Amino acid sequence: MPPPMTLDSSMQSVRELLLARGALKDDVLGVRLSSRTDDALVDLHTAIDPAELEKGFTAVTRGSADGLEIIRHSTAHVMADAVQQLFPGTKVTFGPATENGFYYDFDRKGGGTFSEDDLVAIEAKMREIIAQKAPFRREPISREAAVALFTKMGETYKVEWMETLPAGTDFTVYRHGAAGSEWVDFCKGPHVPHTGELGAIKLTAVSGTYWRGIEGNPQLQRIYGTAFPDEAALKAHLEQLEQAKARDHRKLGRELELFAFDAAAPASPFFLPRGAKVYHRLVDYVRDLYVRHGYDEVITPQIYGNELYKKSGHLANYRENMYLAVTADDFVDPAKVDAIRAALTAEHATEAQLDLLAAETRGVKPMNCPGHAQLFSHRKRSYRELPFRCADFGRLHRYERGGVVHGLARVRTFCQDDAHIFCTPAQMQPEISAFNALLDEAYGTFGFTDVRVRLATRPEKRVGSDALWDSAEHALADAMRAAGRSFTVAEGEGAFYGPKLEYHVKDAIGRSWQLGTMQVDFNMPERFELAYVDHEGKDQRPVMLHRALLGSLERFFAVYLEHVAGNFPVWLAPEQVCILTVSEKFEAYAREAEQVLRLAGVRVATDLGPDKLGAKIRAARQMRYPYLAVVGGKEAENRALALRPGNDDLGAIPLAEVVQKLLAEGVFPRPQNS
RNA sequence: GCCAACCUAGCUCAGGGGUAGAGCAGCGGUUUCGUAAACCGCAGGUCGUGGGUUCAAAUCCCAUGGUUGGCUCCA
């Protein structure tokens, strides 16, 4: 063990400082210092200048968000300790706390993997370490000593990481365990006082990952776990996971007969009649918005010759995600087939290869934008036509790798409520503002009130001048400010052709989803040499705004289905009401009532079978019809329906009134003034 | 694609070398019933697929398809 570095005599541990002030409560794990802007979270082990504490601090307790992070980070250390005890020769890499727990990435000796049985053993070993209540210790160390120590330990990943750290970085190690058999990690902390502070732990999963997240780097084994201040909090977390499972859209989709998947077309949904009704209602709702917000819908081809995708850049940059459409005639010349195969599979296709693909192959569209650019340039355009808001519900196909597909949320065929707005540079800002208003209306309709926006700015690899980027980014930012909306900036995360706004919503159980997007694109108009004639008769280059409201409708279907846990509102539900007979004696009237509702345009289901009413209500509730309508002797006699929304009971209502009520509730939601 | 796991009736799941099971759903019958499960019966599966080991494979092994959880969080 290298000797600890001598500390500046003015430094004192946070523990001592708090103790002297009488502020060291049992549940305090550290402090947040007001004097520091970043890395303000400091544990009890850390030595600081007492003056720093004087400037103000907040005690970090076990129950706080900061405390939770400390607990989880320390639990990750304990897990790594357990793993190295049970599996000697395993190398450690990174092990951070995360939003829902923690993980640690390992390189197991000989490239071995961990099984779920291993997790059980590791968790048992962790509990042993925790029971020892062994103290954590923090130790500042010189770069040279750290490199020497971890080199000697054979921790090559740690050493590699140290070598990437800039000069002047403070190096520290943390140890825990009994003297003589301490587990040590190169770590900046913070950590709990001793392992006894931990306890409510659970290892949850094991997965493969790559060193520093880069494909091609050595394959590591990641073990996931979670930890909480106490067992009750852990139990609550696990129960919440169960709840999320209960409203999983894949489960609801099956149970409510909305959609299905089949190995005949992996990751491609079959929308069943009930699901298709909802899907079409969603599309028609967006169309209803479009009418009032000045969009024009177009219908464009599914398959294009690849010249188009060469022009747009997709063939060079997106072909691994594209489906090709072939015909028997494409296979008559074997030499050509070989050349096409070579061009398709080349990591960086040459210009000649791209030309070959463009000339000889067709692609199924993965995006609408190239087709819309083509449509725009189909004839001469005047400034009087702008902005041209070109909407398209075209079906898109993208080949997604097997591991990333997920129910309806990530599929290989889908449709977006997509539109491209062709406008002048001066029109950008008002168009963006108008889109915000449109988006507010739509999201409000679906009950997504917690909307967060990220502005993704210019990436390193980009096209267009800095002046254009400035104006594009300002247009997005100014429009957001004008609408009084806050946003965060995601530096360098924009698309190569322009910056974008990403709209994220939180669903009913607090999960965040990206739905809408607004992108400013200078690239595509350039590539397609798009032009409009200005009022002086000169050609000008339009800007393309690429925007989606709900995003992929498949994905939105999934998000919304989980958000409402299957309980669609009357305007969207596959069937708005289900008629139930008290006994089969009332079938005739029930059928008549069904017909009246149906002819009026109400979506209606029936259960006229021989079951008892209680059983029918139970079954109908499980199908989540917004309204149940009971038909018995009284209703048949009075030409009424006993209407039951949810668990409520409105009693008998005349049939004609029911029709009016359901029609009124079934229209697309609109703001008051439109 | 990579790591781990799973795949048995339409759905949820039992069975883990020795003749394929249950509940729900479906179908038939009895009951004709007033607000979250009436009763009786019938039918339904080459245990994802292909190969192997074995006297014998749903069960063990290999391959393959599909599915699920991960592969963004940085010492």
# chains A, B, ... in the order shown; residues from 1 in each chain; ligands from 1

$ interface_residues --of "chain A" --to "chain B" --cutoff "6 Å" --atoms "only C-alpha atoms (C1' of nucleotides)" --output "VMD selection string"
chain A and resid 98 186 to 187 206 to 209 263 583 612 614 to 615 618

$ select_by_dssp --residues "segment 18-92 of chain A" --states "helix (DSSP H, G or I)" --output "PyMOL selection string"
chain A and resi 18-21+50-54+65-86

$ write_last_selection --atoms "N, CA, C and O atoms" --output "CSV table (one decimal), in the first residue's frame"
chain,number,residue,atom,x,y,z
A,18,LEU,N,-18.5,18.7,10.6
A,18,LEU,CA,-19.9,18.6,11.0
A,18,LEU,C,-20.0,18.2,12.5
A,18,LEU,O,-20.9,18.8,13.2
A,19,LEU,N,-19.1,17.3,12.9
A,19,LEU,CA,-19.2,16.9,14.3
A,19,LEU,C,-18.9,18.1,15.2
A,19,LEU,O,-19.6,18.3,16.2
A,20,ALA,N,-17.9,18.9,14.9
A,20,ALA,CA,-17.6,20.1,15.7
A,20,ALA,C,-18.8,21.1,15.7
A,20,ALA,O,-19.0,21.8,16.7
A,21,ARG,N,-19.6,21.1,14.7
A,21,ARG,CA,-20.7,22.0,14.6
A,21,ARG,C,-22.0,21.4,15.2
A,21,ARG,O,-23.0,22.0,15.3
A,50,PRO,N,-12.0,24.3,5.9
A,50,PRO,CA,-13.2,24.6,6.7
A,50,PRO,C,-13.9,25.9,6.2
A,50,PRO,O,-15.1,26.0,6.4
A,51,ALA,N,-13.2,26.8,5.6
A,51,ALA,CA,-13.8,28.0,5.1
A,51,ALA,C,-14.9,27.7,4.1
A,51,ALA,O,-15.9,28.4,4.0
A,52,GLU,N,-14.7,26.6,3.4
A,52,GLU,CA,-15.7,26.2,2.4
A,52,GLU,C,-17.0,25.9,3.0
A,52,GLU,O,-18.1,26.2,2.5
A,53,LEU,N,-17.0,25.2,4.1
A,53,LEU,CA,-18.2,24.9,4.8
A,53,LEU,C,-18.9,26.1,5.4
A,53,LEU,O,-20.1,26.2,5.3
A,54,GLU,N,-18.1,27.1,5.8
A,54,GLU,CA,-18.6,28.3,6.3
A,54,GLU,C,-19.5,29.0,5.3
A,54,GLU,O,-20.4,29.8,5.7
A,65,ALA,N,-32.3,12.6,-2.7
A,65,ALA,CA,-31.8,12.1,-4.1
A,65,ALA,C,-30.3,12.0,-4.1
A,65,ALA,O,-29.8,11.0,-4.6
A,66,ASP,N,-29.6,12.9,-3.5
A,66,ASP,CA,-28.1,12.8,-3.4
A,66,ASP,C,-27.7,11.7,-2.6
A,66,ASP,O,-26.8,10.9,-2.9
A,67,GLY,N,-28.4,11.5,-1.5
A,67,GLY,CA,-28.1,10.3,-0.6
A,67,GLY,C,-28.3,9.0,-1.3
A,67,GLY,O,-27.5,8.1,-1.1
A,68,LEU,N,-29.3,8.9,-2.1
A,68,LEU,CA,-29.6,7.7,-2.8
A,68,LEU,C,-28.5,7.4,-3.8
A,68,LEU,O,-28.1,6.3,-3.9
A,69,GLU,N,-28.0,8.5,-4.4
A,69,GLU,CA,-26.9,8.3,-5.4
A,69,GLU,C,-25.7,7.7,-4.7
A,69,GLU,O,-25.0,6.9,-5.2
A,70,ILE,N,-25.4,8.3,-3.5
A,70,ILE,CA,-24.2,7.8,-2.7
A,70,ILE,C,-24.4,6.4,-2.3
A,70,ILE,O,-23.5,5.6,-2.5
A,71,ILE,N,-25.6,6.0,-1.8
A,71,ILE,CA,-25.9,4.6,-1.4
A,71,ILE,C,-25.6,3.7,-2.6
A,71,ILE,O,-25.0,2.6,-2.5
A,72,ARG,N,-26.1,4.1,-3.8
A,72,ARG,CA,-26.0,3.2,-5.0
A,72,ARG,C,-24.6,3.1,-5.5
A,72,ARG,O,-24.2,2.0,-5.8
A,73,HIS,N,-23.9,4.2,-5.4
A,73,HIS,CA,-22.5,4.1,-5.9
A,73,HIS,C,-21.7,3.2,-4.9
A,73,HIS,O,-20.9,2.4,-5.4
A,74,SER,N,-22.0,3.4,-3.6
A,74,SER,CA,-21.2,2.5,-2.7
A,74,SER,C,-21.6,1.0,-2.9
A,74,SER,O,-20.8,0.1,-2.7
A,75,THR,N,-22.9,0.8,-3.2
A,75,THR,CA,-23.4,-0.6,-3.4
A,75,THR,C,-22.7,-1.2,-4.6
A,75,THR,O,-22.3,-2.4,-4.6
A,76,ALA,N,-22.4,-0.3,-5.6
A,76,ALA,CA,-21.7,-0.8,-6.8
A,76,ALA,C,-20.3,-1.3,-6.4
A,76,ALA,O,-19.8,-2.3,-6.9
A,77,HIS,N,-19.7,-0.5,-5.5
A,77,HIS,CA,-18.3,-0.9,-5.0
A,77,HIS,C,-18.4,-2.3,-4.3
A,77,HIS,O,-17.6,-3.2,-4.5
A,78,VAL,N,-19.4,-2.4,-3.4
A,78,VAL,CA,-19.6,-3.7,-2.7
A,78,VAL,C,-19.8,-4.8,-3.6
A,78,VAL,O,-19.2,-5.9,-3.5
A,79,MET,N,-20.6,-4.5,-4.7
A,79,MET,CA,-20.8,-5.6,-5.7
A,79,MET,C,-19.5,-6.0,-6.4
A,79,MET,O,-19.2,-7.2,-6.5
A,80,ALA,N,-18.7,-5.0,-6.7
A,80,ALA,CA,-17.5,-5.3,-7.4
A,80,ALA,C,-16.5,-6.1,-6.5
A,80,ALA,O,-15.9,-7.0,-6.9
A,81,ASP,N,-16.5,-5.7,-5.2
A,81,ASP,CA,-15.8,-6.5,-4.2
A,81,ASP,C,-16.2,-7.9,-4.2
A,81,ASP,O,-15.4,-8.9,-4.3
A,82,ALA,N,-17.5,-8.1,-4.1
A,82,ALA,CA,-18.1,-9.5,-4.1
A,82,ALA,C,-17.7,-10.3,-5.3
A,82,ALA,O,-17.3,-11.4,-5.3
A,83,VAL,N,-17.8,-9.6,-6.5
A,83,VAL,CA,-17.5,-10.3,-7.7
A,83,VAL,C,-16.0,-10.7,-7.8
A,83,VAL,O,-15.7,-11.8,-8.1
A,84,GLN,N,-15.2,-9.8,-7.3
A,84,GLN,CA,-13.7,-10.2,-7.4
A,84,GLN,C,-13.4,-11.3,-6.3
A,84,GLN,O,-12.4,-12.0,-6.5
A,85,GLN,N,-14.1,-11.3,-5.2
A,85,GLN,CA,-13.9,-12.4,-4.3
A,85,GLN,C,-14.3,-13.7,-4.8
A,85,GLN,O,-13.7,-14.7,-4.7
A,86,LEU,N,-15.5,-13.7,-5.5
A,86,LEU,CA,-16.0,-15.0,-6.0
A,86,LEU,C,-15.4,-15.4,-7.3
A,86,LEU,O,-15.3,-16.6,-7.6

$ atom_distance --atom1 "atom CA of Ile299 of chain A" --atom2 "atom CA of Asp392 of chain A"
6.2 Å

$ residues_around --residues "segment 233-242 of chain A" --least-positions-apart "6" --cutoff "8 Å" --atoms "only C-alpha atoms (C1' of nucleotides)" --output "compact mmCIF listing (two decimals) with N, CA and C atoms, in the first residue's frame"
# COMPACT_ATOMS: atom_id res chain seq x y z
N ALA A 200 -30.72 -2.53 1.53
CA ALA A 200 -31.88 -2.82 0.69
C ALA A 200 -31.41 -2.90 -0.75
N ILE A 201 -30.90 -4.07 -1.14
CA ILE A 201 -30.27 -4.20 -2.44
C ILE A 201 -30.92 -5.33 -3.24
N ALA A 227 -30.55 -0.20 -5.33
CA ALA A 227 -30.37 -0.10 -3.89
C ALA A 227 -31.18 1.08 -3.37

$ closest_residue --among "A:Phe496, A:Phe228, A:Tyr625, A:Phe586" --to "Gly464 of chain A" --atoms "only C-alpha atoms"
A:Phe496

$ atom_distance --atom1 "atom CA of Thr361 of chain A" --atom2 "atom CA of Phe270 of chain A"
28.3 Å

$ residues_around --residues "G15 of chain B" --least-positions-apart "3" --cutoff "9 Å" --atoms "only C-alpha atoms (C1' of nucleotides)" --output "JSON list (two decimals) with C-alpha atoms (C1' of nucleotides), in the first residue's frame"
[["chain", "number", "residue", "atom", "x", "y", "z"],
["B", 20, "A", "C1'", -48.91, -34.12, -22.64],
["B", 21, "G", "C1'", -51.85, -31.17, -17.74],
["B", 58, "A", "C1'", -41.39, -31.45, -23.82]]

$ residues_around --residues "segment 629-645 of chain A" --least-positions-apart "2" --cutoff "12 Å" --atoms "only C-alpha atoms (C1' of nucleotides)" --output "ChimeraX atom specification"
/A:567,569-570,576-594,596-597,604-608,612-614,616-617,620-621,624-627,647-659,661-662 /B:32-35

$ select_by_dssp --residues "segment 335-410 of chain A" --states "strand (DSSP E or B)" --output "count of residues only"
14

$ atom_distance --atom1 "atom CA of Leu220 of chain A" --atom2 "atom CA of Tyr103 of chain A"
12.0 Å

$ closest_residue --among "B:C62, B:C55, B:G28, B:G23" --to "A9 of chain B" --atoms "only C-alpha atoms (C1' of nucleotides)"
B:G23

$ residues_around --residues "Leu468 of chain A" --least-positions-apart "5" --cutoff "12 Å" --atoms "only C-alpha atoms (C1' of nucleotides)" --output "ChimeraX atom specification"
/A:425,458,462-463,473-475,497-499,520-523,543

$ residues_around --residues "Asp43 of chain A" --least-positions-apart "5" --cutoff "10 Å" --atoms "only C-alpha atoms (C1' of nucleotides)" --output "number ranges by chain"
A: 13-15, 28-32, 59-60, 67, 70, 138, 189-193

$ decode --residues "segment 184-223 of chain A" --atoms "N, CA and C atoms" --output "mmCIF file, in the first residue's frame"
data_model
loop_
_atom_site.group_PDB
_atom_site.id
_atom_site.type_symbol
_atom_site.label_atom_id
_atom_site.label_comp_id
_atom_site.auth_asym_id
_atom_site.auth_seq_id
_atom_site.Cartn_x
_atom_site.Cartn_y
_atom_site.Cartn_z
ATOM 1 N N VAL A 184 -10.097 -2.071 -3.022
ATOM 2 C CA VAL A 184 -9.724 -0.707 -3.396
ATOM 3 C C VAL A 184 -10.148 -0.426 -4.828
ATOM 4 N N ASP A 185 -10.633 0.799 -5.037
ATOM 5 C CA ASP A 185 -11.035 1.209 -6.379
ATOM 6 C C ASP A 185 -10.576 2.631 -6.622
ATOM 7 N N PHE A 186 -10.168 2.893 -7.850
ATOM 8 C CA PHE A 186 -9.853 4.248 -8.277
ATOM 9 C C PHE A 186 -11.191 4.952 -8.482
ATOM 10 N N CYS A 187 -11.461 5.956 -7.644
ATOM 11 C CA CYS A 187 -12.816 6.482 -7.587
ATOM 12 C C CYS A 187 -12.795 7.857 -6.973
ATOM 13 N N LYS A 188 -13.653 8.754 -7.505
ATOM 14 C CA LYS A 188 -13.704 10.090 -6.925
ATOM 15 C C LYS A 188 -14.802 10.220 -5.868
ATOM 16 N N GLY A 189 -15.516 9.111 -5.633
ATOM 17 C CA GLY A 189 -16.563 9.138 -4.628
ATOM 18 C C GLY A 189 -17.831 9.768 -5.181
ATOM 19 N N PRO A 190 -18.741 10.141 -4.294
ATOM 20 C CA PRO A 190 -18.713 10.005 -2.841
ATOM 21 C C PRO A 190 -19.226 8.635 -2.373
ATOM 22 N N HIS A 191 -18.948 8.354 -1.093
ATOM 23 C CA HIS A 191 -19.377 7.074 -0.532
ATOM 24 C C HIS A 191 -19.946 7.219 0.865
ATOM 25 N N VAL A 192 -20.671 6.182 1.269
ATOM 26 C CA VAL A 192 -21.263 6.147 2.620
ATOM 27 C C VAL A 192 -20.148 5.939 3.638
ATOM 28 N N PRO A 193 -20.413 6.229 4.927
ATOM 29 C CA PRO A 193 -19.384 6.054 5.962
ATOM 30 C C PRO A 193 -18.895 4.615 6.067
ATOM 31 N N HIS A 194 -19.829 3.641 6.045
ATOM 32 C CA HIS A 194 -19.411 2.238 6.146
ATOM 33 C C HIS A 194 -20.453 1.352 5.472
ATOM 34 N N THR A 195 -20.071 0.113 5.157
ATOM 35 C CA THR A 195 -20.950 -0.752 4.363
ATOM 36 C C THR A 195 -22.262 -1.069 5.079
ATOM 37 N N GLY A 196 -22.294 -0.890 6.396
ATOM 38 C CA GLY A 196 -23.527 -1.138 7.138
ATOM 39 C C GLY A 196 -24.644 -0.172 6.776
ATOM 40 N N GLU A 197 -24.285 0.933 6.098
ATOM 41 C CA GLU A 197 -25.303 1.893 5.654
ATOM 42 C C GLU A 197 -26.128 1.330 4.497
ATOM 43 N N LEU A 198 -25.648 0.232 3.929
ATOM 44 C CA LEU A 198 -26.320 -0.335 2.758
ATOM 45 C C LEU A 198 -27.189 -1.495 3.211
ATOM 46 N N GLY A 199 -27.988 -2.029 2.351
ATOM 47 C CA GLY A 199 -28.753 -3.188 2.779
ATOM 48 C C GLY A 199 -29.929 -3.535 1.907
ATOM 49 N N ALA A 200 -30.718 -2.532 1.527
ATOM 50 C CA ALA A 200 -31.884 -2.820 0.691
ATOM 51 C C ALA A 200 -31.406 -2.896 -0.750
ATOM 52 N N ILE A 201 -30.905 -4.069 -1.138
ATOM 53 C CA ILE A 201 -30.273 -4.202 -2.442
ATOM 54 C C ILE A 201 -30.918 -5.327 -3.236
ATOM 55 N N LYS A 202 -30.795 -5.245 -4.532
ATOM 56 C CA LYS A 202 -31.244 -6.334 -5.393
ATOM 57 C C LYS A 202 -30.496 -6.258 -6.713
ATOM 58 N N LEU A 203 -29.894 -7.368 -7.103
ATOM 59 C CA LEU A 203 -29.267 -7.436 -8.414
ATOM 60 C C LEU A 203 -30.357 -7.811 -9.410
ATOM 61 N N THR A 204 -30.417 -7.081 -10.497
ATOM 62 C CA THR A 204 -31.595 -7.218 -11.358
ATOM 63 C C THR A 204 -31.317 -7.856 -12.707
ATOM 64 N N ALA A 205 -30.155 -7.647 -13.272
ATOM 65 C CA ALA A 205 -29.962 -8.133 -14.635
ATOM 66 C C ALA A 205 -28.486 -8.198 -14.963
ATOM 67 N N VAL A 206 -28.178 -8.961 -15.979
ATOM 68 C CA VAL A 206 -26.821 -9.001 -16.492
ATOM 69 C C VAL A 206 -26.903 -8.780 -17.992
ATOM 70 N N SER A 207 -25.964 -8.049 -18.530
ATOM 71 C CA SER A 207 -25.990 -7.807 -19.965
ATOM 72 C C SER A 207 -24.577 -7.615 -20.481
ATOM 73 N N GLY A 208 -24.442 -7.723 -21.767
ATOM 74 C CA GLY A 208 -23.158 -7.474 -22.388
ATOM 75 C C GLY A 208 -23.028 -5.996 -22.684
ATOM 76 N N THR A 209 -21.816 -5.505 -22.712
ATOM 77 C CA THR A 209 -21.589 -4.113 -23.066
ATOM 78 C C THR A 209 -20.157 -4.028 -23.573
ATOM 79 N N TYR A 210 -19.805 -2.884 -24.082
ATOM 80 C CA TYR A 210 -18.446 -2.724 -24.592
ATOM 81 C C TYR A 210 -17.693 -1.716 -23.738
ATOM 82 N N TRP A 211 -16.389 -1.937 -23.616
ATOM 83 C CA TRP A 211 -15.534 -1.007 -22.887
ATOM 84 C C TRP A 211 -15.753 0.395 -23.442
ATOM 85 N N ARG A 212 -16.177 1.279 -22.593
ATOM 86 C CA ARG A 212 -16.479 2.663 -22.912
ATOM 87 C C ARG A 212 -17.566 2.811 -23.973
ATOM 88 N N GLY A 213 -18.402 1.751 -24.055
ATOM 89 C CA GLY A 213 -19.597 1.860 -24.889
ATOM 90 C C GLY A 213 -19.358 1.844 -26.380
ATOM 91 N N ILE A 214 -18.151 1.494 -26.804
ATOM 92 C CA ILE A 214 -17.834 1.561 -28.229
ATOM 93 C C ILE A 214 -17.772 0.160 -28.813
ATOM 94 N N GLU A 215 -18.622 -0.094 -29.790
ATOM 95 C CA GLU A 215 -18.618 -1.397 -30.451
ATOM 96 C C GLU A 215 -17.243 -1.669 -31.028
ATOM 97 N N GLY A 216 -16.774 -2.878 -30.848
ATOM 98 C CA GLY A 216 -15.443 -3.221 -31.336
ATOM 99 C C GLY A 216 -14.434 -3.241 -30.207
ATOM 100 N N ASN A 217 -14.714 -2.476 -29.134
ATOM 101 C CA ASN A 217 -13.875 -2.561 -27.935
ATOM 102 C C ASN A 217 -14.131 -3.898 -27.243
ATOM 103 N N PRO A 218 -13.267 -4.254 -26.273
ATOM 104 C CA PRO A 218 -13.470 -5.532 -25.591
ATOM 105 C C PRO A 218 -14.879 -5.650 -25.000
ATOM 106 N N GLN A 219 -15.427 -6.856 -25.086
ATOM 107 C CA GLN A 219 -16.768 -7.120 -24.559
ATOM 108 C C GLN A 219 -16.694 -7.249 -23.040
ATOM 109 N N LEU A 220 -17.521 -6.502 -22.348
ATOM 110 C CA LEU A 220 -17.557 -6.559 -20.892
ATOM 111 C C LEU A 220 -18.897 -7.147 -20.451
ATOM 112 N N GLN A 221 -18.937 -7.523 -19.183
ATOM 113 C CA GLN A 221 -20.169 -8.017 -18.580
ATOM 114 C C GLN A 221 -20.678 -6.947 -17.624
ATOM 115 N N ARG A 222 -21.896 -6.499 -17.849
ATOM 116 C CA ARG A 222 -22.475 -5.491 -16.963
ATOM 117 C C ARG A 222 -23.487 -6.165 -16.051
ATOM 118 N N ILE A 223 -23.327 -5.943 -14.754
ATOM 119 C CA ILE A 223 -24.321 -6.432 -13.810
ATOM 120 C C ILE A 223 -25.090 -5.226 -13.276
#
